[in-house]
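Visitor: This is the structure, below, for whatever I ask next.
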Amino acid sequence: MQTIITTGSRNTSITESGTAANPLLQIIPFPEYYPLTYIFELPKVSVTDNEIIDAERARYEQNKSKYLHRYEGKYIALINGEVVGSAIKFSNLAKKIYSKYGYRAIFMIRVEEKERQYKMASPKFKAKIV
Amino acid sequence: MAIGGKQFVLDYDNGFPCLRIDITICSPDPKNKEKHLFKNVLIDTGSDVTIIPNHVIKELALIYTGFRNVENFNGEEVRVNFYAAKIIIIGIVEEIIEVGGIDSEPLIGMDLICNFHLLLNAPFGTFEIANRSNYILPLP
């Protein structure tokens with residue numbers, strides 16, 4: 001039996017000779033694996049919420065024009081770059097998304113051309129940030 | 001009530017009156033029963049965002065939703081981490097919002113307040129908050 005390791009642009013698969021359609025093993029990027037752990041109850045891997053959110057934010061920035069075209073002015077939730085929900089209000093979207101996918105780090109953002117500049121004009125806000 | 005909401009008494013502790021209410025913050029996760037009650041939280045119309053101290057975020061195990069750069073009153077930009085939390089203001093609202101984690105006193109920002117009607121009856125020492133869903137037009 002011959003084992004062939006194929007490395008594509010994104011994924012790596014290990015197949016037996018002549019059975020390319022039925023790989024023994026498929027190596028996929030972690031951001032693609034992670035959402036599957038929730039869908040198929042696969043073993044959870046320790047990963048920080050920051051890493052998940054940052055990866056999704058990067059995908060959002062890459063495809064922003066696509067999201068703007070369809071969802072401008074709405075909040076969207078992204079898992080693996082796919083829009084899994086949208087709503088006008090954050091609270092409505094969060095309620096829907098957390099009840100469907102569980103309470104975990106899910107990137108939600110309001111789709112807008114230029115991101116809002118948030119201000120805290122109050123002197124009550126002492127800039128001791130962690 | 002003039003706008004069909006809930007009436008509060010203005011806080012005169014610092015001389016001029018200010019708007020303070022009690023809020024409860026908890027996790028949106030129904031399995032997590034931890035709650036944190038904040039007494040006399042300032043309604044700060046100068047703040048775009050609602051903030052709570054970081055130790056409460058840890059205590060309630062709130063989930064990170066991202067960060068934003070927020071400009072403070074000195075004009076400096078600081079990075080603030082945000083978390084999903086359920087906020088309860090009895091008789092007014094119970095919903096999931098994003099809260100910023102800052103080691104300062106908690107503040108209710110415009111992100112939350114802009115959903116409500118707010119009526120200031122300063123000469124009477126009161127104010128009233130009404131959620132849009134239970135808004136009743138004042139009678140002549």
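Please note that chains go A, B, ... in the order of the structure tokens, that every chain numbers its residues from 1, and that ligands are numbered from 1 in the order shown.
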Just need the residues of chain A within 12 Å of chain B, counting only C-alpha atoms, so spit them out as a PyMOL selection string.
Guide: chain A and resi 48-58+77-78+89-109+115-130
Visitor: Write down as a list in words the residues belonging to region 28-98 of chain B that are assigned alpha helix (DSSP H) by DSSP computed on the backbone.
Guide: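 Taking region 28-98 of chain B and keeping alpha helix (DSSP H) gives Asn54, His55, Val56, Ile57, Lys58, Glu59 and Leu60 of chain B.
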Visitor: Residues within 6 Å of region 63-76 of chain A, please, as number ranges by chain. Count only C-alpha atoms; anything in the same chain fewer than 6 positions from it doesn't count.
Guide: A: 85-88, 108-112
Visitor: Find the spatial neighbours of Ile92 (chain B), counting only C-alpha atoms, within a cut-off of 9 Å - ignore same-chain residues fewer than 4 positions away - and output them as a ChimeraX atom specification.
Guide: /B:5-6,88,116,129-131,134
Visitor: Quick one: pick out all strand (DSSP E) residues within region 29-128 of chain B from a backbone DSSP run and write them as a PyMOL selection string.
Guide: chain B and resi 35-43+51-52+63-72+77-89+93-101+107-108+116-121+126-128
Visitor: Could you write those residues out with N, CA and C atoms, as a compact mmCIF listing (two decimals), in the first residue's frame?
Guide:
```
# COMPACT_ATOMS: atom_id res chain seq x y z
N LYS B 35 -24.12 36.57 38.98
CA LYS B 35 -24.64 37.90 38.65
C LYS B 35 -23.84 38.94 39.44
N HIS B 36 -23.75 40.12 38.90
CA HIS B 36 -23.09 41.19 39.64
C HIS B 36 -23.99 42.42 39.62
N LEU B 37 -24.32 42.88 40.81
CA LEU B 37 -25.17 44.07 40.93
C LEU B 37 -24.29 45.30 41.13
N PHE B 38 -24.47 46.28 40.27
CA PHE B 38 -23.78 47.56 40.44
C PHE B 38 -24.83 48.57 40.94
N LYS B 39 -24.52 49.22 42.05
CA LYS B 39 -25.43 50.22 42.59
C LYS B 39 -25.03 51.60 42.07
N ASN B 40 -26.01 52.43 41.82
CA ASN B 40 -25.78 53.84 41.46
C ASN B 40 -24.78 54.03 40.31
N VAL B 41 -25.06 53.40 39.19
CA VAL B 41 -24.18 53.54 38.02
C VAL B 41 -24.56 54.81 37.26
N LEU B 42 -23.55 55.58 36.92
CA LEU B 42 -23.78 56.86 36.25
C LEU B 42 -24.22 56.65 34.80
N ILE B 43 -25.27 57.33 34.40
CA ILE B 43 -25.65 57.39 32.98
C ILE B 43 -24.83 58.52 32.39
N ILE B 51 -19.27 50.60 30.11
CA ILE B 51 -18.08 49.93 30.63
C ILE B 51 -18.30 49.39 32.04
N ILE B 52 -17.58 48.32 32.33
CA ILE B 52 -17.57 47.75 33.68
C ILE B 52 -16.12 47.37 34.02
N ILE B 63 -17.42 36.49 27.60
CA ILE B 63 -16.66 36.11 26.39
C ILE B 63 -16.26 37.35 25.59
N TYR B 64 -15.02 37.32 25.19
CA TYR B 64 -14.42 38.42 24.41
C TYR B 64 -15.08 38.52 23.03
N THR B 65 -15.43 39.74 22.63
CA THR B 65 -16.04 39.93 21.31
C THR B 65 -15.18 40.77 20.37
N GLY B 66 -14.13 41.37 20.91
CA GLY B 66 -13.25 42.17 20.05
C GLY B 66 -12.75 43.40 20.80
N PHE B 67 -11.95 44.18 20.12
CA PHE B 67 -11.46 45.40 20.76
C PHE B 67 -11.80 46.61 19.89
N ARG B 68 -11.80 47.76 20.51
CA ARG B 68 -11.98 49.02 19.78
C ARG B 68 -11.03 50.05 20.34
N ASN B 69 -10.63 50.95 19.49
CA ASN B 69 -9.85 52.08 19.98
C ASN B 69 -10.83 53.18 20.39
N VAL B 70 -10.72 53.57 21.62
CA VAL B 70 -11.64 54.57 22.17
C VAL B 70 -10.85 55.82 22.54
N GLU B 71 -11.40 56.96 22.12
CA GLU B 71 -10.72 58.22 22.41
C GLU B 71 -11.21 58.74 23.76
N ASN B 72 -10.29 58.98 24.67
CA ASN B 72 -10.71 59.47 25.98
C ASN B 72 -10.78 61.00 26.01
N GLU B 77 -6.05 57.94 22.30
CA GLU B 77 -6.74 56.73 21.88
C GLU B 77 -6.22 55.55 22.69
N VAL B 78 -7.13 54.82 23.29
CA VAL B 78 -6.72 53.64 24.06
C VAL B 78 -7.49 52.43 23.56
N ARG B 79 -6.84 51.28 23.64
CA ARG B 79 -7.49 50.05 23.21
C ARG B 79 -8.34 49.51 24.35
N VAL B 80 -9.60 49.23 24.06
CA VAL B 80 -10.50 48.68 25.07
C VAL B 80 -11.04 47.35 24.55
N ASN B 81 -10.94 46.32 25.39
CA ASN B 81 -11.50 45.02 25.04
C ASN B 81 -12.99 45.00 25.37
N PHE B 82 -13.76 44.37 24.49
CA PHE B 82 -15.21 44.29 24.69
C PHE B 82 -15.67 42.84 24.87
N TYR B 83 -16.76 42.70 25.62
CA TYR B 83 -17.26 41.38 26.00
C TYR B 83 -18.79 41.38 25.88
N ALA B 84 -19.35 40.22 25.58
CA ALA B 84 -20.81 40.10 25.53
C ALA B 84 -21.33 39.87 26.94
N ALA B 85 -22.32 40.65 27.32
CA ALA B 85 -22.89 40.52 28.67
C ALA B 85 -24.38 40.78 28.60
N LYS B 86 -25.09 40.17 29.54
CA LYS B 86 -26.52 40.49 29.64
C LYS B 86 -26.68 41.57 30.69
N ILE B 87 -27.38 42.63 30.32
CA ILE B 87 -27.61 43.71 31.28
C ILE B 87 -29.08 43.70 31.68
N ILE B 88 -29.30 43.85 32.97
CA ILE B 88 -30.69 43.90 33.46
C ILE B 88 -30.88 45.22 34.21
N ILE B 89 -31.82 46.01 33.73
CA ILE B 89 -32.27 47.19 34.47
C ILE B 89 -33.74 46.91 34.74
N VAL B 93 -35.09 46.98 30.88
CA VAL B 93 -34.43 46.19 29.82
C VAL B 93 -33.75 44.96 30.39
N GLU B 94 -33.71 43.92 29.57
CA GLU B 94 -32.93 42.73 29.86
C GLU B 94 -32.46 42.22 28.50
N GLU B 95 -31.23 42.57 28.13
CA GLU B 95 -30.75 42.15 26.80
C GLU B 95 -29.24 42.01 26.78
N ILE B 96 -28.75 41.40 25.69
CA ILE B 96 -27.31 41.19 25.56
C ILE B 96 -26.71 42.42 24.88
N ILE B 97 -25.69 42.94 25.50
CA ILE B 97 -24.98 44.09 24.92
C ILE B 97 -23.47 43.81 24.96
N GLU B 98 -22.69 44.69 24.35
CA GLU B 98 -21.24 44.62 24.48
C GLU B 98 -20.83 45.61 25.55
N VAL B 99 -19.98 45.14 26.47
CA VAL B 99 -19.46 46.04 27.49
C VAL B 99 -17.94 46.10 27.39
N GLY B 100 -17.40 47.27 27.60
CA GLY B 100 -15.96 47.43 27.59
C GLY B 100 -15.38 47.15 28.96
N GLY B 101 -14.18 46.62 29.00
CA GLY B 101 -13.52 46.33 30.27
C GLY B 101 -12.50 47.40 30.59
N LEU B 107 -19.91 52.63 33.90
CA LEU B 107 -20.66 53.72 33.28
C LEU B 107 -21.65 53.14 32.28
N ILE B 108 -22.83 53.75 32.20
CA ILE B 108 -23.80 53.39 31.16
C ILE B 108 -23.61 54.41 30.04
N PHE B 116 -33.54 54.06 24.48
CA PHE B 116 -34.63 54.41 25.40
C PHE B 116 -35.05 55.87 25.28
N HIS B 117 -36.22 56.14 25.81
CA HIS B 117 -36.64 57.52 26.02
C HIS B 117 -36.17 57.92 27.40
N LEU B 118 -35.59 59.09 27.49
CA LEU B 118 -35.07 59.56 28.77
C LEU B 118 -35.63 60.95 29.02
N LEU B 119 -36.35 61.10 30.10
CA LEU B 119 -36.98 62.39 30.41
C LEU B 119 -36.41 62.91 31.72
N LEU B 120 -35.81 64.08 31.66
CA LEU B 120 -35.21 64.67 32.86
C LEU B 120 -36.15 65.70 33.45
N ASN B 121 -36.61 65.43 34.68
CA ASN B 121 -37.49 66.38 35.39
C ASN B 121 -36.67 67.03 36.52
N THR B 126 -36.29 64.34 39.60
CA THR B 126 -36.50 62.97 39.11
C THR B 126 -36.13 62.86 37.62
N PHE B 127 -36.01 61.65 37.17
CA PHE B 127 -35.91 61.38 35.74
C PHE B 127 -36.63 60.08 35.45
N GLU B 128 -36.96 59.91 34.19
CA GLU B 128 -37.76 58.74 33.82
C GLU B 128 -37.14 58.07 32.60
```
